[in-house]
Amino acid sequence: MAVRQVLRMGNARLLQRSEPVGDFGSAWLCALLEDMRDTMQALDGVGLAAPQIGVNLRVVIFCVPPPQQDQDRQNSRYPDAETVPETVLVNPVITPLDDKTDQAWEGCLSIPGLRGLVPRFQNIRYRGYDENGALIDRTASGFHARVVQHECDHLDGMLYPARIRDLTQFGYTEELFPERDARNGGVS
């Protein structure tokens with residue numbers, strides 16, 4: 001369908017709490033998801049929330065294909081990231097499974113060129129629905145859990161810098177990681 005413009009930090013729409021979806025399987029939801037996929041792939045992201053393209057609904061998508069499985073869909077920004085199943089998640093609810101957290105570098109398509117060290121729960125359960133209204137109920141850990149939490153934060157109007165504990169660990173990718181290709185370095 002179309003690659004949509006991604007709203008950037010500072011746009012007030014990114015700070016709004018999103019509305020639940022009730023119309024599963026509709027043509028408009030299918031069109032939205034196609035635009036979200038096209039946008040995420042065009043920008044080499046691993047996830048995207050509907051509010052990032054100006055749609056105030058509780059819809060996220062995410063995916064990290066297995067290495068070498070599909071060269072056209074391989075994410076060059078995260079070549080070493082663990083596989084995360086392609087998922088459409090509507091009206092999600094996240095429950096931490098324990099108190100264990102870790103910190104890792106994150107980026108965001110709405111905050112291009114910047115990275116921050118962000119604490120997240122290591123082990124979560126997430127529930128919601130696919131585009132047709134079928135229940136999704138999964139547990140996740142590691143990078144998978146981080147991606148889900150990052151994307152779902154967008155639905156509550158939160159961007160990852162609000163979670164950073166030490167702002168000395170937030171900055172431009174090329175300044176923080178001069179030895180790395182600027183495209184690598186965390187969740188987006």
# chains A, B, ... in the order shown; residues from 1 in each chain; ligands from 1
>>> residues_around(residues="segment 141-153 of chain A", least_positions_apart="6", cutoff="8 Å", atoms="only C-alpha atoms", output="list of chain:residue names")
A:Val46, A:Gly47, A:Leu48, A:Ala49, A:Val60, A:Ile61, A:Phe62, A:Ala81, A:Glu82, A:Thr83, A:Val84, A:Pro92, A:Ile94, A:Arg120, A:Phe121, A:Gln122, A:Asn123, A:Ile124, A:Leu159, A:Tyr160, A:Val187, A:Ser188
>>> residues_around(residues="Phe24 of chain A", least_positions_apart="5", cutoff="8 Å", atoms="only C-alpha atoms", output="PyMOL selection string")
chain A and resi 29+131-133
>>> residues_around(residues="segment 85-89 of chain A", least_positions_apart="5", cutoff="9 Å", atoms="only C-alpha atoms", output="PyMOL selection string")
chain A and resi 33+58-66+127-131+136+144
>>> write_last_selection(atoms="C-alpha atoms", output="PDB file, in the first residue's frame")
ATOM      1  CA  LEU A  33      -1.535  -3.020   8.874  1.00  0.00           C
ATOM      2  CA  ARG A  58      -3.922   0.258  20.136  1.00  0.00           C
ATOM      3  CA  VAL A  59      -2.177  -1.619  17.316  1.00  0.00           C
ATOM      4  CA  VAL A  60       1.471  -2.678  17.089  1.00  0.00           C
ATOM      5  CA  ILE A  61       3.451  -4.904  14.757  1.00  0.00           C
ATOM      6  CA  PHE A  62       6.893  -6.419  15.237  1.00  0.00           C
ATOM      7  CA  CYS A  63       9.164  -9.006  13.655  1.00  0.00           C
ATOM      8  CA  VAL A  64      12.787 -10.119  13.531  1.00  0.00           C
ATOM      9  CA  PRO A  65      13.103 -12.871  10.888  1.00  0.00           C
ATOM     10  CA  PRO A  66      15.460 -15.792  11.446  1.00  0.00           C
ATOM     11  CA  ARG A 127      -1.989 -10.892  25.477  1.00  0.00           C
ATOM     12  CA  GLY A 128      -4.066  -9.266  22.800  1.00  0.00           C
ATOM     13  CA  TYR A 129      -5.615 -10.108  19.460  1.00  0.00           C
ATOM     14  CA  ASP A 130      -4.524 -10.524  15.877  1.00  0.00           C
ATOM     15  CA  GLU A 131      -6.170  -8.544  13.069  1.00  0.00           C
ATOM     16  CA  ILE A 136      -2.735 -14.115  21.250  1.00  0.00           C
ATOM     17  CA  HIS A 144      11.492 -10.255  22.147  1.00  0.00           C
TER      18      HIS A 144
END
>>> select_by_dssp(residues="segment 8-185 of chain A", states="alpha helix (DSSP H)", output="PDB file with N, CA and C atoms, in the first residue's frame")
ATOM      1  N   ALA A  27     -11.715  -3.881   6.498  1.00  0.00           N
ATOM      2  CA  ALA A  27     -10.853  -3.454   5.392  1.00  0.00           C
ATOM      3  C   ALA A  27      -9.910  -2.343   5.841  1.00  0.00           C
ATOM      4  N   TRP A  28     -10.402  -1.412   6.682  1.00  0.00           N
ATOM      5  CA  TRP A  28      -9.547  -0.309   7.121  1.00  0.00           C
ATOM      6  C   TRP A  28      -8.414  -0.816   8.004  1.00  0.00           C
ATOM      7  N   LEU A  29      -8.672  -1.831   8.853  1.00  0.00           N
ATOM      8  CA  LEU A  29      -7.615  -2.381   9.702  1.00  0.00           C
ATOM      9  C   LEU A  29      -6.588  -3.114   8.851  1.00  0.00           C
ATOM     10  N   CYS A  30      -7.029  -3.868   7.855  1.00  0.00           N
ATOM     11  CA  CYS A  30      -6.093  -4.548   6.942  1.00  0.00           C
ATOM     12  C   CYS A  30      -5.230  -3.532   6.203  1.00  0.00           C
ATOM     13  N   ALA A  31      -5.828  -2.424   5.764  1.00  0.00           N
ATOM     14  CA  ALA A  31      -5.069  -1.383   5.053  1.00  0.00           C
ATOM     15  C   ALA A  31      -4.063  -0.716   5.991  1.00  0.00           C
ATOM     16  N   LEU A  32      -4.480  -0.450   7.229  1.00  0.00           N
ATOM     17  CA  LEU A  32      -3.565   0.131   8.212  1.00  0.00           C
ATOM     18  C   LEU A  32      -2.372  -0.782   8.442  1.00  0.00           C
ATOM     19  N   LEU A  33      -2.624  -2.069   8.616  1.00  0.00           N
ATOM     20  CA  LEU A  33      -1.535  -3.020   8.874  1.00  0.00           C
ATOM     21  C   LEU A  33      -0.593  -3.132   7.683  1.00  0.00           C
ATOM     22  N   GLU A  34      -1.133  -3.084   6.482  1.00  0.00           N
ATOM     23  CA  GLU A  34      -0.271  -3.125   5.303  1.00  0.00           C
ATOM     24  C   GLU A  34       0.632  -1.893   5.258  1.00  0.00           C
ATOM     25  N   ASP A  35       0.066  -0.722   5.547  1.00  0.00           N
ATOM     26  CA  ASP A  35       0.881   0.499   5.598  1.00  0.00           C
ATOM     27  C   ASP A  35       1.927   0.416   6.704  1.00  0.00           C
ATOM     28  N   MET A  36       1.553  -0.132   7.849  1.00  0.00           N
ATOM     29  CA  MET A  36       2.511  -0.265   8.952  1.00  0.00           C
ATOM     30  C   MET A  36       3.659  -1.197   8.567  1.00  0.00           C
ATOM     31  N   ARG A  37       3.339  -2.325   7.938  1.00  0.00           N
ATOM     32  CA  ARG A  37       4.391  -3.250   7.493  1.00  0.00           C
ATOM     33  C   ARG A  37       5.321  -2.587   6.479  1.00  0.00           C
ATOM     34  N   ASP A  38       4.726  -1.922   5.498  1.00  0.00           N
ATOM     35  CA  ASP A  38       5.521  -1.245   4.472  1.00  0.00           C
ATOM     36  C   ASP A  38       6.435  -0.199   5.102  1.00  0.00           C
ATOM     37  N   THR A  39       5.907   0.551   6.040  1.00  0.00           N
ATOM     38  CA  THR A  39       6.678   1.610   6.704  1.00  0.00           C
ATOM     39  C   THR A  39       7.804   1.021   7.540  1.00  0.00           C
ATOM     40  N   MET A  40       7.487   0.012   8.339  1.00  0.00           N
ATOM     41  CA  MET A  40       8.500  -0.619   9.188  1.00  0.00           C
ATOM     42  C   MET A  40       9.626  -1.200   8.339  1.00  0.00           C
ATOM     43  N   GLN A  41       9.289  -1.897   7.273  1.00  0.00           N
ATOM     44  CA  GLN A  41      10.295  -2.512   6.416  1.00  0.00           C
ATOM     45  C   GLN A  41      11.118  -1.467   5.675  1.00  0.00           C
ATOM     46  N   ALA A  42      10.487  -0.411   5.191  1.00  0.00           N
ATOM     47  CA  ALA A  42      11.203   0.631   4.460  1.00  0.00           C
ATOM     48  C   ALA A  42      12.225   1.338   5.340  1.00  0.00           C
ATOM     49  N   GLY A 142      14.090 -11.642  26.899  1.00  0.00           N
ATOM     50  CA  GLY A 142      15.173 -11.085  26.102  1.00  0.00           C
ATOM     51  C   GLY A 142      14.716 -10.002  25.140  1.00  0.00           C
ATOM     52  N   PHE A 143      15.282 -10.027  23.935  1.00  0.00           N
ATOM     53  CA  PHE A 143      15.004  -9.012  22.930  1.00  0.00           C
ATOM     54  C   PHE A 143      13.526  -8.988  22.550  1.00  0.00           C
ATOM     55  N   HIS A 144      12.922 -10.154  22.465  1.00  0.00           N
ATOM     56  CA  HIS A 144      11.492 -10.255  22.147  1.00  0.00           C
ATOM     57  C   HIS A 144      10.677  -9.449  23.169  1.00  0.00           C
ATOM     58  N   ALA A 145      10.932  -9.660  24.458  1.00  0.00           N
ATOM     59  CA  ALA A 145      10.211  -8.941  25.506  1.00  0.00           C
ATOM     60  C   ALA A 145      10.465  -7.436  25.408  1.00  0.00           C
ATOM     61  N   ARG A 146      11.688  -7.059  25.100  1.00  0.00           N
ATOM     62  CA  ARG A 146      12.056  -5.644  24.980  1.00  0.00           C
ATOM     63  C   ARG A 146      11.279  -4.984  23.832  1.00  0.00           C
ATOM     64  N   VAL A 147      11.227  -5.649  22.690  1.00  0.00           N
ATOM     65  CA  VAL A 147      10.519  -5.093  21.536  1.00  0.00           C
ATOM     66  C   VAL A 147       9.036  -4.888  21.865  1.00  0.00           C
ATOM     67  N   VAL A 148       8.413  -5.878  22.481  1.00  0.00           N
ATOM     68  CA  VAL A 148       6.990  -5.771  22.813  1.00  0.00           C
ATOM     69  C   VAL A 148       6.755  -4.598  23.765  1.00  0.00           C
ATOM     70  N   GLN A 149       7.575  -4.493  24.808  1.00  0.00           N
ATOM     71  CA  GLN A 149       7.404  -3.404  25.772  1.00  0.00           C
ATOM     72  C   GLN A 149       7.615  -2.040  25.119  1.00  0.00           C
ATOM     73  N   HIS A 150       8.633  -1.940  24.277  1.00  0.00           N
ATOM     74  CA  HIS A 150       8.923  -0.671  23.590  1.00  0.00           C
ATOM     75  C   HIS A 150       7.733  -0.246  22.728  1.00  0.00           C
ATOM     76  N   GLU A 151       7.231  -1.159  21.904  1.00  0.00           N
ATOM     77  CA  GLU A 151       6.127  -0.812  21.010  1.00  0.00           C
ATOM     78  C   GLU A 151       4.858  -0.499  21.777  1.00  0.00           C
ATOM     79  N   CYS A 152       4.566  -1.260  22.810  1.00  0.00           N
ATOM     80  CA  CYS A 152       3.343  -1.025  23.584  1.00  0.00           C
ATOM     81  C   CYS A 152       3.414   0.272  24.381  1.00  0.00           C
ATOM     82  N   ASP A 153       4.608   0.724  24.761  1.00  0.00           N
ATOM     83  CA  ASP A 153       4.738   2.033  25.402  1.00  0.00           C
ATOM     84  C   ASP A 153       4.146   3.130  24.526  1.00  0.00           C
ATOM     85  N   HIS A 154       4.321   3.020  23.213  1.00  0.00           N
ATOM     86  CA  HIS A 154       3.771   4.026  22.297  1.00  0.00           C
ATOM     87  C   HIS A 154       2.259   4.145  22.449  1.00  0.00           C
ATOM     88  N   LEU A 155       1.594   3.057  22.783  1.00  0.00           N
ATOM     89  CA  LEU A 155       0.135   3.073  22.908  1.00  0.00           C
ATOM     90  C   LEU A 155      -0.332   3.855  24.124  1.00  0.00           C
ATOM     91  N   THR A 173      23.770   8.236  18.102  1.00  0.00           N
ATOM     92  CA  THR A 173      24.395   6.931  17.905  1.00  0.00           C
ATOM     93  C   THR A 173      25.866   7.058  17.556  1.00  0.00           C
ATOM     94  N   GLU A 174      26.201   7.941  16.616  1.00  0.00           N
ATOM     95  CA  GLU A 174      27.596   8.040  16.178  1.00  0.00           C
ATOM     96  C   GLU A 174      28.500   8.609  17.271  1.00  0.00           C
ATOM     97  N   GLU A 175      27.943   9.342  18.231  1.00  0.00           N
ATOM     98  CA  GLU A 175      28.734   9.853  19.361  1.00  0.00           C
ATOM     99  C   GLU A 175      28.902   8.778  20.438  1.00  0.00           C
ATOM    100  N   LEU A 176      27.824   8.034  20.695  1.00  0.00           N
ATOM    101  CA  LEU A 176      27.877   6.982  21.710  1.00  0.00           C
ATOM    102  C   LEU A 176      28.704   5.785  21.250  1.00  0.00           C
TER     103      LEU A 176
END
>>> select_by_dssp(residues="segment 52-136 of chain A", states="strand (DSSP E or B)", output="PyMOL selection string")
chain A and resi 57+59-64+84-96+101-108+111-121+123-129+135-136
>>> closest_residue(among="A:Ala50, A:Val118, A:Ile111, A:Val90", to="Ala134 of chain A", atoms="only C-alpha atoms")
A:Val90
>>> closest_residue(among="A:Val93, A:Leu14, A:Leu109, A:Leu135", to="Gly45 of chain A", atoms="only C-alpha atoms")
A:Leu109
>>> closest_residue(among="A:Leu57, A:Leu117, A:Met158, A:Cys108", to="Ala12 of chain A", atoms="only C-alpha atoms")
A:Met158
>>> decode(residues="segment 50-69 of chain A", atoms="N, CA and C atoms", output="compact mmCIF listing (two decimals), in the first residue's frame")
# COMPACT_ATOMS: atom_id res chain seq x y z
N ALA A 50 0.86 1.99 15.76
CA ALA A 50 -0.03 2.83 14.95
C ALA A 50 0.12 4.32 15.29
N PRO A 51 0.27 4.72 16.56
CA PRO A 51 0.43 6.15 16.84
C PRO A 51 1.64 6.78 16.16
N GLN A 52 2.65 5.98 15.84
CA GLN A 52 3.83 6.53 15.19
C GLN A 52 3.54 7.01 13.77
N ILE A 53 2.45 6.52 13.18
CA ILE A 53 2.06 7.02 11.86
C ILE A 53 0.77 7.84 11.96
N GLY A 54 0.49 8.33 13.16
CA GLY A 54 -0.62 9.25 13.35
C GLY A 54 -1.98 8.62 13.52
N VAL A 55 -2.03 7.31 13.79
CA VAL A 55 -3.30 6.61 13.99
C VAL A 55 -3.42 6.26 15.47
N ASN A 56 -4.37 6.87 16.15
CA ASN A 56 -4.50 6.76 17.60
C ASN A 56 -5.27 5.50 18.02
N LEU A 57 -4.72 4.33 17.63
CA LEU A 57 -5.34 3.05 17.97
C LEU A 57 -4.31 2.13 18.60
N ARG A 58 -4.79 1.19 19.40
CA ARG A 58 -3.92 0.26 20.14
C ARG A 58 -3.55 -0.92 19.24
N VAL A 59 -2.64 -0.63 18.29
CA VAL A 59 -2.18 -1.62 17.32
C VAL A 59 -0.67 -1.50 17.20
N VAL A 60 0.03 -2.64 17.33
CA VAL A 60 1.47 -2.68 17.09
C VAL A 60 1.79 -3.87 16.20
N ILE A 61 2.92 -3.77 15.51
CA ILE A 61 3.45 -4.90 14.76
C ILE A 61 4.92 -5.01 15.10
N PHE A 62 5.46 -6.22 15.01
CA PHE A 62 6.89 -6.42 15.24
C PHE A 62 7.33 -7.72 14.61
N CYS A 63 8.62 -7.81 14.29
CA CYS A 63 9.16 -9.01 13.65
C CYS A 63 10.68 -8.88 13.53
N VAL A 64 11.38 -9.95 13.88
CA VAL A 64 12.79 -10.12 13.53
C VAL A 64 12.88 -11.50 12.90
N PRO A 65 13.05 -11.56 11.55
CA PRO A 65 13.10 -12.87 10.89
C PRO A 65 14.34 -13.66 11.29
N PRO A 66 14.27 -14.98 11.17
CA PRO A 66 15.46 -15.79 11.45
C PRO A 66 16.61 -15.39 10.52
N PRO A 67 17.83 -15.47 10.98
CA PRO A 67 18.97 -15.11 10.13
C PRO A 67 18.95 -15.90 8.82
N GLN A 68 19.19 -15.19 7.74
CA GLN A 68 19.33 -15.78 6.41
C GLN A 68 18.05 -16.38 5.87
N GLN A 69 16.95 -16.36 6.62
CA GLN A 69 15.72 -16.98 6.12
C GLN A 69 15.19 -16.23 4.90
